[in-house]
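Colleague: Input: one structure, supplied below.
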Amino acid sequence: MRAISRGVNRFYVTTPIYYVNDIPHVGTAYTTIVVDALRRFHLLVGDESRMLTGTDEHGLKLERQAHEEGKTPQAFVDEMAERFRQAWPVLDIENDDFIRTTEPRHKAYVQDLWRRIEERGDLYEGEYEDWYCVGCESYKTEKELLPGNLCPIHHKPVERVKEKTFFFRLSRWEKPLLDFYERNPSFVEPASRRNEVISFVSSGLRDLSVSRTSFTWGIPVPNRPEHVMYVWFDALTNYLTALGKEGDPLRRYWPPNGRAVHVVGKDILRFHAIYWPAFLLSAGYTEKELPSQVFAHGFLTVDGQKMSKSLRNAVDPLRLARELGPDTLRYYLLRAIAFGQDGDFSHTALIERYNADLGKNLGNLLSRTLGLCVKFSDGKTPPMGEIGPLERELAEAAANASAAARAAWDELAPHRALEATWTLSSAANAYVDKAAPWASAKAGDMVRTHTILATLLEALRQLSVMIWPAMPKKSDGLRAQLGLAPLAPKAGEDLWPKGFTPRPAGEPLALAAALFPTIDKDAEAALLTKLAPHMHGAPAAEAPATAAPAAAASPAAEAPPAINYDTFLGVDLRVGLVKTAERVPRKDKLLKLAVDLGEAEPRTIIAGLALSFKPEDLVGRKIIVVANLEPRSFGKGLVSQGMLLATGPSEALHLATVEGDAPPGSRLK
Ligand code: MSP
């Protein structure tokens with residue numbers, strides 16, 4: 001599978017390029033962290049390793065968003081792309097390149113690919129008429145839609161599109177693709193996803209509309225500027241644009257000279273596993289020049305809930321990294337979620353893992369070992385004497401851990417790699433207890449005591465290497481305490497642990513503060529309040545427009561249990577008068593209202609009304625407000641100081657109101 005040239009393997013790994021209508025969140029951080037860890041693993045074993053990430057900046061979704069914010073598309077994408085570019089270093093992600101689809105290098109490349117496909121006869125003009133989901137930037141067939149013409153992914157109405165277009169003869173590539181999948185079973189991973197792709201292709205491919213004429217924010221079709229390219233045609237090509245033209249030295253990363261792996265979420269597998277190889281085959285690339293693999297990972301929920309926009313933004317990976325260090329977040333995401341499957345993000349699980357795996361296991365091993373070295377070996381590496389069965393057992397555990405972790409990283413299974421790595425840390429902790437260096441020291445056997453400590457130091461050194469892909473900073477910190485320089489991987493030099501090779505005696509160690517200080521219950525509570533106020537206390541769902549929209553919408557829904565009158569009186573319901581209403585940038589369901597409740601200042605209320613009301617239609621309306629609900633933050637300084645009552649689904653809400661001229665602030669009882 002891996003192409004070898006001059007003895008060095010080349011590993012090219014990419015993230016999807018992210019749409020800039022959103023900000024980096026824990027989902028996109030997850031993909032990007034995994035890709036960076038893979039890049040680092042390959043660097044560590046001496047491969048030439050290259051990582052690409054970037055931003056997807058064309059298409060209808062972004063054009064509309066820019067207009068809503070009163071900006072030109074270019075100004076909008078410039079501003080938003082910066083947020084992605086600046087986010088990743090905070091998570092210790094060191095991408096080698098950052099591509100933006102609005103860059104000239106990309107435009108030239110995509111137009112070139114278009115021409116090549118055109119020359120081979122796979123583009124023809126026609127008219128497209130069907131459905132389109134702007135959220136997915138994807139065409140939908142009738143049978144894919146949910147009742148009410150809703151997109152099955154976004155649960156939003158799809159749009160009817162009828163326009164002149166260029167079609168790509170995707171149907172022609174059905175058979176070649178199926179043959180390709182069969183000859184290259186590892187092209188799509190995991191296997192369950194491969195089966196999905198194969199069955200989709202086997203059920204027949206329709207030609208694909210690859211240009212749009214009803215808007216202009218895209219890359220113009222060569223010689224036909226009234227057409228802009230379909231945003232996925234444009235976006236997928238980024239992976240090649242970033243390696244330059246044929247002949248560019250970076251092209252050595254692309255198959256057949258390198259191994260190119262696209263890591264994507266399962267939501268966008270079809271584009272990568274079907275369209276992308278079809279475009280390339282059509283443009284004249286051979287099977288050997290297609291990407292080596294498309295690996296589809298699962299989706300994260302947050303505290304068991306689907307990540308709606310408000311939830312996503314409630315878990316700010318950058319803030320987490322600043323509070324707990326990037327490595328804690330990296331370790332948790334890489335270890336707790338089986339790569340390829342869906343998983344859950346939870347702050348409490350993160351802290352639990354931090355305390356258990358990092359603090360109690362690895363952190364303790366380090367502080368115990370170094371404490372013993374200070375006591376019995378003058379804070380220096382002790383000499384290694386004759387080894388016995390316990391040392392052999394630990395050396396074997398180390399050999400197994402290092403082989404298993406290496407294989408797992410290579411197979412894109414970071415969770416298994418870390419699990420294997422931690423078997424060494426656990427084995428070393430068990431070894432200290434069994435070998436009991438304090439007992440041999442007490443008996444005056446310093447040769448034995450030193451042998452035990454030298455064995456432990458070697459286990460820690462190996463761990464400092466094996467954790468580097470996941471936790472580069474903690475690896476540096478661990479090594480500093482061991483008196484070792486940070487790792488500096490180089491192509492052609494394999495640093496992965498091979499065999500148990502203790503260090504010479506007499507080298508200084510540097511016992512320092514705990515590498516992973518315990519987060520106790522009080523600190524945990526403080527952290528949770530700071531990092532996840534919405535998760536721990538306030539409701540975490542999409543901004544409610546109503547007290548209980550689902551229950552209210554369905555008369556048959558089960559009624560909540562009876563409450564007494566005093567409990568009811570505890571709810572401060574007031575008449576409010578809407579003074580102003582405006583959209584909330586980048587939150588397509590929310591409106592921000594200033595509501596007069598008869599107080600000195602109008603209250604700010606953020607409500608999920610935007611799918612049902614234009615802001616101007618609400619001004620002057622009387623509404624009913626729960627005035628004593630705890631304030632709720634929507635991030636970016638947006639805090640709602642109350643909730644209004646309404647009924648119905650979010651696209652067809654009815655506001656609760658009062659008859660007559662009850663003044664603002666009147667209490668309902
Ligand atoms: N622009 C396209 C990709 C083009 S690639 C040629 C796109 N962008 S996106 O901004 O919507 O990002 C999608 C990717 O973000 C997913 O494929 C996945 O990698 C990541 N995730 C977004 N939400 C996620 C979760 N809830 N969980 C895990 N990953 C998530 O699609």
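To be explicit about the labels: the chains of the structure tokens are called A, B, and onward in the order shown, and within each one the residues are counted from 1, while ligands get numbers from 1 in the order they are shown.
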Residues within 6 Å of ligand 1 (only C-alpha atoms and all ligand atoms), as a list in words?

Modeller: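 Checking only C-alpha atoms and all ligand atoms against ligand 1 at 6 Å gives Pro16, Ile17, Tyr18, Tyr19, Gly27, Thr28, Thr31, Asp56, Ala235, Leu236, Val264, Gly265, Asp267, Ile268, Phe299, Leu300, Thr301 and Met307 of chain A.
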
Colleague: Dump N, CA, C and O atoms for the selected residues as a PDB file, in the first residue's frame?

Modeller:
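Produced file part13.pdb, reproduced below:
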ATOM      1  N   PRO A  16     -11.162  17.866   5.874  1.00  0.00           N
ATOM      2  CA  PRO A  16     -12.049  18.564   4.931  1.00  0.00           C
ATOM      3  C   PRO A  16     -11.712  20.054   5.023  1.00  0.00           C
ATOM      4  O   PRO A  16     -11.184  20.510   6.043  1.00  0.00           O
ATOM      5  N   ILE A  17     -12.002  20.808   3.983  1.00  0.00           N
ATOM      6  CA  ILE A  17     -11.853  22.251   4.138  1.00  0.00           C
ATOM      7  C   ILE A  17     -13.195  22.755   4.670  1.00  0.00           C
ATOM      8  O   ILE A  17     -14.254  22.380   4.166  1.00  0.00           O
ATOM      9  N   TYR A  18     -13.129  23.564   5.715  1.00  0.00           N
ATOM     10  CA  TYR A  18     -14.355  23.882   6.449  1.00  0.00           C
ATOM     11  C   TYR A  18     -15.075  25.088   5.846  1.00  0.00           C
ATOM     12  O   TYR A  18     -14.437  26.055   5.418  1.00  0.00           O
ATOM     13  N   TYR A  19     -16.391  25.003   5.847  1.00  0.00           N
ATOM     14  CA  TYR A  19     -17.191  26.151   5.411  1.00  0.00           C
ATOM     15  C   TYR A  19     -17.009  27.267   6.426  1.00  0.00           C
ATOM     16  O   TYR A  19     -17.076  27.022   7.640  1.00  0.00           O
ATOM     17  N   GLY A  27     -16.516  19.647  16.803  1.00  0.00           N
ATOM     18  CA  GLY A  27     -16.574  18.671  15.714  1.00  0.00           C
ATOM     19  C   GLY A  27     -15.434  18.881  14.737  1.00  0.00           C
ATOM     20  O   GLY A  27     -14.696  17.944  14.402  1.00  0.00           O
ATOM     21  N   THR A  28     -15.265  20.115  14.283  1.00  0.00           N
ATOM     22  CA  THR A  28     -14.184  20.370  13.325  1.00  0.00           C
ATOM     23  C   THR A  28     -12.819  20.259  14.023  1.00  0.00           C
ATOM     24  O   THR A  28     -11.842  19.810  13.422  1.00  0.00           O
ATOM     25  N   THR A  31     -11.764  16.473  13.971  1.00  0.00           N
ATOM     26  CA  THR A  31     -11.142  16.025  12.725  1.00  0.00           C
ATOM     27  C   THR A  31      -9.719  16.570  12.609  1.00  0.00           C
ATOM     28  O   THR A  31      -8.791  15.851  12.236  1.00  0.00           O
ATOM     29  N   ASP A  56     -13.368  26.352   2.866  1.00  0.00           N
ATOM     30  CA  ASP A  56     -14.193  26.208   1.669  1.00  0.00           C
ATOM     31  C   ASP A  56     -15.036  27.480   1.619  1.00  0.00           C
ATOM     32  O   ASP A  56     -15.859  27.702   2.500  1.00  0.00           O
ATOM     33  N   ALA A 235     -14.322  22.530  -4.326  1.00  0.00           N
ATOM     34  CA  ALA A 235     -13.737  22.219  -3.016  1.00  0.00           C
ATOM     35  C   ALA A 235     -12.857  20.968  -3.043  1.00  0.00           C
ATOM     36  O   ALA A 235     -11.751  20.968  -2.511  1.00  0.00           O
ATOM     37  N   LEU A 236     -13.357  19.905  -3.665  1.00  0.00           N
ATOM     38  CA  LEU A 236     -12.604  18.642  -3.622  1.00  0.00           C
ATOM     39  C   LEU A 236     -11.211  18.793  -4.235  1.00  0.00           C
ATOM     40  O   LEU A 236     -10.256  18.148  -3.811  1.00  0.00           O
ATOM     41  N   VAL A 264     -12.352  12.460   6.679  1.00  0.00           N
ATOM     42  CA  VAL A 264     -13.590  13.243   6.540  1.00  0.00           C
ATOM     43  C   VAL A 264     -14.622  12.742   7.543  1.00  0.00           C
ATOM     44  O   VAL A 264     -14.523  11.615   8.026  1.00  0.00           O
ATOM     45  N   GLY A 265     -15.608  13.571   7.823  1.00  0.00           N
ATOM     46  CA  GLY A 265     -16.729  13.095   8.615  1.00  0.00           C
ATOM     47  C   GLY A 265     -17.635  12.246   7.730  1.00  0.00           C
ATOM     48  O   GLY A 265     -17.623  12.378   6.503  1.00  0.00           O
ATOM     49  N   ASP A 267     -20.559  12.488   7.089  1.00  0.00           N
ATOM     50  CA  ASP A 267     -21.527  13.290   6.349  1.00  0.00           C
ATOM     51  C   ASP A 267     -21.086  13.609   4.933  1.00  0.00           C
ATOM     52  O   ASP A 267     -21.918  13.878   4.072  1.00  0.00           O
ATOM     53  N   ILE A 268     -19.780  13.580   4.709  1.00  0.00           N
ATOM     54  CA  ILE A 268     -19.312  14.018   3.387  1.00  0.00           C
ATOM     55  C   ILE A 268     -18.518  12.926   2.676  1.00  0.00           C
ATOM     56  O   ILE A 268     -17.719  13.199   1.791  1.00  0.00           O
ATOM     57  N   PHE A 299     -19.694  10.955  14.045  1.00  0.00           N
ATOM     58  CA  PHE A 299     -20.080  12.279  14.517  1.00  0.00           C
ATOM     59  C   PHE A 299     -20.108  12.335  16.030  1.00  0.00           C
ATOM     60  O   PHE A 299     -20.448  11.362  16.693  1.00  0.00           O
ATOM     61  N   LEU A 300     -19.762  13.495  16.554  1.00  0.00           N
ATOM     62  CA  LEU A 300     -19.795  13.678  18.001  1.00  0.00           C
ATOM     63  C   LEU A 300     -21.127  14.279  18.422  1.00  0.00           C
ATOM     64  O   LEU A 300     -21.645  15.180  17.757  1.00  0.00           O
ATOM     65  N   THR A 301     -21.614  13.782  19.536  1.00  0.00           N
ATOM     66  CA  THR A 301     -22.710  14.477  20.203  1.00  0.00           C
ATOM     67  C   THR A 301     -22.093  15.203  21.393  1.00  0.00           C
ATOM     68  O   THR A 301     -20.944  14.946  21.749  1.00  0.00           O
ATOM     69  N   MET A 307     -25.319  17.835  17.981  1.00  0.00           N
ATOM     70  CA  MET A 307     -24.758  19.180  18.066  1.00  0.00           C
ATOM     71  C   MET A 307     -25.534  20.166  17.223  1.00  0.00           C
ATOM     72  O   MET A 307     -25.312  20.284  16.022  1.00  0.00           O
TER      73      MET A 307
END

Colleague: Residues within 12 Å of A:Val575, please, as a CSV table (one decimal) with all heavy atoms, in the first residue's frame. Count only C-alpha atoms; anything in the same chain fewer than 4 positions from it doesn't count.

Modeller:
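Writing the result to result.csv gives the following:
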chain,number,residue,atom,x,y,z
A,595,VAL,N,-37.1,44.2,24.8
A,595,VAL,CA,-38.5,44.1,25.2
A,595,VAL,C,-38.8,44.9,26.5
A,595,VAL,O,-38.1,44.8,27.5
A,595,VAL,CB,-38.9,42.6,25.5
A,595,VAL,CG1,-40.3,42.4,26.0
A,595,VAL,CG2,-38.6,41.7,24.3
A,596,ASP,N,-39.8,45.8,26.4
A,596,ASP,CA,-40.1,46.6,27.5
A,596,ASP,C,-41.0,45.8,28.5
A,596,ASP,O,-42.1,45.3,28.1
A,596,ASP,CB,-40.9,47.8,26.9
A,596,ASP,CG,-41.4,48.8,28.1
A,596,ASP,OD1,-41.1,48.5,29.2
A,596,ASP,OD2,-42.1,49.8,27.7
A,597,LEU,N,-40.5,45.6,29.7
A,597,LEU,CA,-41.2,44.9,30.7
A,597,LEU,C,-41.6,45.9,31.8
A,597,LEU,O,-41.8,45.5,33.0
A,597,LEU,CB,-40.4,43.8,31.3
A,597,LEU,CG,-40.2,42.5,30.4
A,597,LEU,CD1,-39.4,41.5,31.2
A,597,LEU,CD2,-41.5,42.0,30.0
A,598,GLY,N,-41.7,47.2,31.5
A,598,GLY,CA,-42.1,48.2,32.5
A,598,GLY,C,-40.9,48.5,33.4
A,598,GLY,O,-41.1,49.1,34.5
A,599,GLU,N,-39.7,48.0,33.1
A,599,GLU,CA,-38.5,48.3,33.9
A,599,GLU,C,-37.8,49.5,33.3
A,599,GLU,O,-38.1,50.0,32.3
A,599,GLU,CB,-37.6,47.1,33.9
A,599,GLU,CG,-38.3,45.9,34.5
A,599,GLU,CD,-37.6,44.5,34.2
A,599,GLU,OE1,-36.9,44.4,33.2
A,599,GLU,OE2,-37.7,43.6,35.0
A,621,ARG,N,-45.3,44.4,18.9
A,621,ARG,CA,-46.2,43.3,19.4
A,621,ARG,C,-46.1,43.1,20.9
A,621,ARG,O,-45.0,43.2,21.5
A,621,ARG,CB,-45.9,42.0,18.7
A,621,ARG,CG,-46.3,42.2,17.2
A,621,ARG,CD,-46.6,41.1,16.4
A,621,ARG,NE,-47.2,39.9,16.9
A,621,ARG,CZ,-47.4,38.8,16.2
A,621,ARG,NH1,-46.9,38.8,15.0
A,621,ARG,NH2,-48.0,37.8,16.7
A,622,LYS,N,-47.3,42.7,21.5
A,622,LYS,CA,-47.2,42.4,22.9
A,622,LYS,C,-47.0,40.9,23.0
A,622,LYS,O,-47.6,40.1,22.3
A,622,LYS,CB,-48.6,42.7,23.5
A,622,LYS,CG,-48.7,44.2,23.8
A,622,LYS,CD,-49.5,44.4,25.1
A,622,LYS,CE,-49.5,45.9,25.3
A,622,LYS,NZ,-50.9,46.4,25.1
A,623,ILE,N,-46.1,40.5,23.9
A,623,ILE,CA,-45.8,39.1,24.1
A,623,ILE,C,-45.8,38.8,25.6
A,623,ILE,O,-45.9,39.7,26.4
A,623,ILE,CB,-44.4,38.8,23.6
A,623,ILE,CG1,-43.3,39.7,24.2
A,623,ILE,CG2,-44.3,38.9,22.0
A,623,ILE,CD1,-41.9,39.4,23.8
A,624,ILE,N,-45.8,37.5,25.9
A,624,ILE,CA,-45.7,37.0,27.3
A,624,ILE,C,-44.3,36.5,27.6
A,624,ILE,O,-43.8,35.7,26.8
A,624,ILE,CB,-46.7,35.9,27.6
A,624,ILE,CG1,-48.1,36.3,27.1
A,624,ILE,CG2,-46.7,35.5,29.0
A,624,ILE,CD1,-48.7,37.5,27.8
A,625,VAL,N,-43.7,37.0,28.6
A,625,VAL,CA,-42.3,36.7,28.9
A,625,VAL,C,-42.2,36.1,30.3
A,625,VAL,O,-42.9,36.5,31.3
A,625,VAL,CB,-41.5,38.0,28.9
A,625,VAL,CG1,-40.1,37.8,29.4
A,625,VAL,CG2,-41.5,38.7,27.6
A,626,VAL,N,-41.4,35.0,30.4
A,626,VAL,CA,-41.0,34.5,31.7
A,626,VAL,C,-39.9,35.3,32.2
A,626,VAL,O,-38.8,35.3,31.6
A,626,VAL,CB,-40.5,33.0,31.6
A,626,VAL,CG1,-40.2,32.4,33.0
A,626,VAL,CG2,-41.6,32.1,30.9
A,627,ALA,N,-40.2,36.2,33.1
A,627,ALA,CA,-39.3,37.3,33.5
A,627,ALA,C,-38.2,36.9,34.5
A,627,ALA,O,-37.2,37.5,34.7
A,627,ALA,CB,-40.0,38.5,34.0
A,642,GLY,N,-34.6,36.5,29.6
A,642,GLY,CA,-35.9,36.0,29.8
A,642,GLY,C,-36.3,35.2,28.6
A,642,GLY,O,-35.5,35.0,27.7
A,643,MET,N,-37.5,34.6,28.6
A,643,MET,CA,-38.0,33.8,27.5
A,643,MET,C,-39.4,34.1,27.2
A,643,MET,O,-40.2,34.4,28.1
A,643,MET,CB,-37.9,32.3,28.0
A,643,MET,CG,-38.3,31.3,26.9
A,643,MET,SD,-37.9,29.6,27.5
A,643,MET,CE,-39.2,29.4,28.6
A,644,LEU,N,-39.7,34.1,25.9
A,644,LEU,CA,-41.1,34.4,25.6
A,644,LEU,C,-41.9,33.1,25.3
A,644,LEU,O,-41.3,32.1,25.0
A,644,LEU,CB,-41.2,35.4,24.4
A,644,LEU,CG,-40.5,35.0,23.1
A,644,LEU,CD1,-41.4,34.1,22.3
A,644,LEU,CD2,-40.1,36.2,22.3
A,645,LEU,N,-43.2,33.2,25.3
A,645,LEU,CA,-44.0,32.0,25.2
A,645,LEU,C,-44.6,32.0,23.8
A,645,LEU,O,-45.0,33.0,23.2
A,645,LEU,CB,-45.2,32.0,26.2
A,645,LEU,CG,-44.8,32.0,27.7
A,645,LEU,CD1,-46.0,31.8,28.5
A,645,LEU,CD2,-43.7,30.9,28.0
A,656,ALA,N,-47.7,33.8,22.1
A,656,ALA,CA,-48.7,34.0,23.2
A,656,ALA,C,-48.8,35.5,23.4
A,656,ALA,O,-47.8,36.2,23.4
A,656,ALA,CB,-48.3,33.3,24.4
A,657,THR,N,-50.0,36.0,23.6
A,657,THR,CA,-50.2,37.5,23.8
A,657,THR,C,-51.4,37.7,24.8
A,657,THR,O,-51.9,36.8,25.3
A,657,THR,CB,-50.3,38.2,22.5
A,657,THR,OG1,-50.4,39.6,22.7
A,657,THR,CG2,-51.6,37.8,21.7
A,658,VAL,N,-51.7,39.0,25.1
A,658,VAL,CA,-52.9,39.3,25.9
A,658,VAL,C,-53.8,40.2,25.1
A,658,VAL,O,-53.4,41.0,24.3
A,658,VAL,CB,-52.6,40.0,27.2
A,658,VAL,CG1,-52.1,39.1,28.2
A,658,VAL,CG2,-51.6,41.2,27.0
A,659,GLU,N,-55.1,40.1,25.4
A,659,GLU,CA,-56.1,41.0,24.8
A,659,GLU,C,-56.0,42.4,25.5
A,659,GLU,O,-55.6,42.5,26.6
A,659,GLU,CB,-57.5,40.4,25.0
A,659,GLU,CG,-57.7,39.3,24.0
A,659,GLU,CD,-59.2,38.8,24.2
A,659,GLU,OE1,-59.8,39.2,25.2
A,659,GLU,OE2,-59.6,38.1,23.3
A,660,GLY,N,-56.6,43.4,24.8
A,660,GLY,CA,-56.8,44.7,25.5
A,660,GLY,C,-55.5,45.4,25.7
A,660,GLY,O,-54.5,45.1,25.0
A,661,ASP,N,-55.5,46.4,26.5
A,661,ASP,CA,-54.3,47.3,26.6
A,661,ASP,C,-53.5,47.1,27.9
A,661,ASP,O,-53.2,48.1,28.6
A,661,ASP,CB,-54.6,48.7,26.3
A,661,ASP,CG,-55.8,49.2,27.2
A,661,ASP,OD1,-56.1,48.5,28.1
A,661,ASP,OD2,-56.3,50.3,26.9
A,662,ALA,N,-53.3,45.9,28.3
A,662,ALA,CA,-52.5,45.7,29.5
A,662,ALA,C,-51.1,46.3,29.3
A,662,ALA,O,-50.4,46.0,28.3
A,662,ALA,CB,-52.3,44.2,29.8
A,663,PRO,N,-50.6,47.2,30.2
A,663,PRO,CA,-49.4,47.8,30.0
A,663,PRO,C,-48.2,46.9,30.1
A,663,PRO,O,-48.3,45.9,30.8
A,663,PRO,CB,-49.3,48.9,31.0
A,663,PRO,CG,-50.3,48.5,32.1
A,663,PRO,CD,-51.3,47.6,31.4
A,664,PRO,N,-47.0,47.2,29.5
A,664,PRO,CA,-45.8,46.4,29.6
A,664,PRO,C,-45.5,46.2,31.1
A,664,PRO,O,-45.6,47.1,31.9
A,664,PRO,CB,-44.7,47.2,29.0
A,664,PRO,CG,-45.4,48.1,28.0
A,664,PRO,CD,-46.8,48.4,28.6
A,665,GLY,N,-45.1,45.0,31.5
A,665,GLY,CA,-44.8,44.7,32.9
A,665,GLY,C,-45.9,44.1,33.7
A,665,GLY,O,-45.7,43.6,34.8
A,666,SER,N,-47.2,44.1,33.2
A,666,SER,CA,-48.3,43.6,33.9
A,666,SER,C,-48.0,42.1,34.2
A,666,SER,O,-47.6,41.4,33.3
A,666,SER,CB,-49.6,43.7,33.1
A,666,SER,OG,-49.8,45.0,32.6
A,667,ARG,N,-48.3,41.7,35.4
A,667,ARG,CA,-48.1,40.3,35.8
A,667,ARG,C,-49.3,39.4,35.4
A,667,ARG,O,-50.4,39.8,35.6
A,667,ARG,CB,-47.9,40.3,37.3
A,667,ARG,CG,-47.6,38.9,37.8
A,667,ARG,CD,-46.4,38.8,38.7
A,667,ARG,NE,-46.0,37.4,38.7
A,667,ARG,CZ,-45.7,36.7,39.8
A,667,ARG,NH1,-45.7,37.3,41.0
A,667,ARG,NH2,-45.5,35.4,39.8
A,668,LEU,N,-49.0,38.2,34.9
A,668,LEU,CA,-50.1,37.2,34.6
A,668,LEU,C,-50.2,36.3,35.8
A,668,LEU,O,-49.3,35.8,36.3
A,668,LEU,CB,-49.8,36.4,33.4
A,668,LEU,CG,-50.0,37.1,32.1
A,668,LEU,CD1,-48.8,37.9,31.6
A,668,LEU,CD2,-50.4,36.1,31.0
A,669,LYS,N,-51.5,36.1,36.2
A,669,LYS,CA,-51.7,35.1,37.3
A,669,LYS,C,-53.0,34.5,37.1
A,669,LYS,O,-53.8,34.8,36.2
A,669,LYS,CB,-51.5,35.8,38.6
A,669,LYS,CG,-52.2,37.2,38.8
A,669,LYS,CD,-51.8,37.8,40.1
A,669,LYS,CE,-52.4,39.1,40.5
A,669,LYS,NZ,-52.8,40.1,39.7

Colleague: Write out as a ChimeraX atom specification all residues of stretch 402-643 of chain A that backbone DSSP assigns to alpha helix (DSSP H).

Modeller: /A:402-410,414-435,437-442,446-466,472-481,521-531,549-553,565-569,615-618

Colleague: Looking only at strand (DSSP E or B) from DSSP on the backbone, list the matching residues of stretch 270-366 of chain A as a PyMOL selection string.

Modeller: chain A and resi 293-297+300-302+305-306+343-345

Colleague: Residues of the last selection are to be written out with all heavy atoms, as a compact mmCIF listing (two decimals), in the first residue's frame.

Modeller:
# COMPACT_ATOMS: atom_id res chain seq x y z
N GLN A 293 -6.67 6.69 0.29
CA GLN A 293 -7.73 6.30 1.21
C GLN A 293 -8.61 7.49 1.60
O GLN A 293 -8.14 8.61 1.73
CB GLN A 293 -7.08 5.75 2.48
CG GLN A 293 -8.06 5.07 3.41
CD GLN A 293 -7.32 4.30 4.50
OE1 GLN A 293 -6.73 4.92 5.37
NE2 GLN A 293 -7.32 2.99 4.41
N VAL A 294 -9.89 7.17 1.76
CA VAL A 294 -10.82 8.14 2.36
C VAL A 294 -11.31 7.48 3.65
O VAL A 294 -11.90 6.40 3.60
CB VAL A 294 -12.01 8.42 1.43
CG1 VAL A 294 -12.98 9.39 2.10
CG2 VAL A 294 -11.54 8.98 0.10
N PHE A 295 -10.99 8.09 4.76
CA PHE A 295 -11.40 7.49 6.04
C PHE A 295 -12.52 8.34 6.62
O PHE A 295 -12.34 9.53 6.88
CB PHE A 295 -10.22 7.44 7.01
CG PHE A 295 -10.49 6.53 8.18
CD1 PHE A 295 -9.89 5.28 8.26
CD2 PHE A 295 -11.39 6.90 9.18
CE1 PHE A 295 -10.16 4.42 9.32
CE2 PHE A 295 -11.67 6.05 10.24
CZ PHE A 295 -11.06 4.80 10.31
N ALA A 296 -13.69 7.72 6.82
CA ALA A 296 -14.83 8.49 7.35
C ALA A 296 -14.98 8.23 8.84
O ALA A 296 -15.17 7.10 9.26
CB ALA A 296 -16.11 8.08 6.62
N HIS A 297 -14.87 9.30 9.61
CA HIS A 297 -15.08 9.13 11.05
C HIS A 297 -16.52 9.45 11.40
O HIS A 297 -17.29 9.96 10.58
CB HIS A 297 -14.09 9.97 11.86
CG HIS A 297 -14.27 11.44 11.72
ND1 HIS A 297 -15.34 12.12 12.26
CD2 HIS A 297 -13.52 12.39 11.10
CE1 HIS A 297 -15.22 13.40 11.98
NE2 HIS A 297 -14.13 13.59 11.27
N LEU A 300 -19.76 13.50 16.55
CA LEU A 300 -19.80 13.68 18.00
C LEU A 300 -21.13 14.28 18.42
O LEU A 300 -21.65 15.18 17.76
CB LEU A 300 -18.71 14.67 18.45
CG LEU A 300 -17.27 14.34 18.12
CD1 LEU A 300 -16.35 15.35 18.82
CD2 LEU A 300 -16.94 12.95 18.59
N THR A 301 -21.61 13.78 19.54
CA THR A 301 -22.71 14.48 20.20
C THR A 301 -22.09 15.20 21.39
O THR A 301 -20.94 14.95 21.75
CB THR A 301 -23.76 13.48 20.70
OG1 THR A 301 -23.08 12.44 21.41
CG2 THR A 301 -24.55 12.86 19.57
N VAL A 302 -22.84 16.10 21.99
CA VAL A 302 -22.35 16.78 23.19
C VAL A 302 -23.28 16.40 24.33
O VAL A 302 -24.49 16.64 24.24
CB VAL A 302 -22.32 18.31 23.00
CG1 VAL A 302 -22.06 19.01 24.32
CG2 VAL A 302 -21.24 18.69 22.01
N GLN A 305 -26.33 14.82 23.24
CA GLN A 305 -27.27 15.48 22.34
C GLN A 305 -26.62 15.82 21.01
O GLN A 305 -25.44 16.16 20.97
CB GLN A 305 -27.76 16.78 22.97
CG GLN A 305 -28.55 16.56 24.22
CD GLN A 305 -29.13 17.88 24.70
OE1 GLN A 305 -29.81 18.56 23.96
NE2 GLN A 305 -28.82 18.24 25.92
N LYS A 306 -27.42 15.76 19.96
CA LYS A 306 -26.94 16.13 18.63
C LYS A 306 -26.42 17.57 18.70
O LYS A 306 -27.00 18.40 19.38
CB LYS A 306 -28.12 16.04 17.67
CG LYS A 306 -27.74 16.13 16.25
CD LYS A 306 -28.90 15.72 15.36
CE LYS A 306 -28.56 15.94 13.92
NZ LYS A 306 -28.94 17.22 13.38
N GLY A 343 -19.36 9.26 18.60
CA GLY A 343 -18.92 9.34 19.99
C GLY A 343 -19.56 10.51 20.68
O GLY A 343 -20.28 11.30 20.06
N ASP A 344 -19.30 10.62 21.96
CA ASP A 344 -19.91 11.70 22.72
C ASP A 344 -18.83 12.55 23.37
O ASP A 344 -17.83 12.03 23.86
CB ASP A 344 -20.83 11.12 23.80
CG ASP A 344 -21.60 12.23 24.52
OD1 ASP A 344 -22.18 13.09 23.81
OD2 ASP A 344 -21.61 12.25 25.76
N PHE A 345 -19.04 13.84 23.35
CA PHE A 345 -18.15 14.75 24.07
C PHE A 345 -18.82 15.14 25.37
O PHE A 345 -19.97 15.59 25.36
CB PHE A 345 -17.87 16.02 23.25
CG PHE A 345 -17.04 16.99 24.01
CD1 PHE A 345 -15.67 16.98 23.90
CD2 PHE A 345 -17.63 17.88 24.90
CE1 PHE A 345 -14.90 17.85 24.65
CE2 PHE A 345 -16.86 18.75 25.65
CZ PHE A 345 -15.49 18.73 25.52

Colleague: Can you tell me which residues surround stretch 400-405 of chain A at a distance of at most 6 Å, considering only C-alpha atoms, apart from same-chain residues fewer than 6 positions away, and format the answer as a list in words?

Modeller: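 Skipping anything fewer than 6 positions along the chain leaves Ala417, Ala420, Thr421 and Leu424 of chain A.
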
Colleague: Smallest atom-to-atom distance to A:Gly499: which of A:Leu511, A:Ala283, A:Val578, A:Ala395, using only C-alpha atoms?

Modeller: A:Ala395
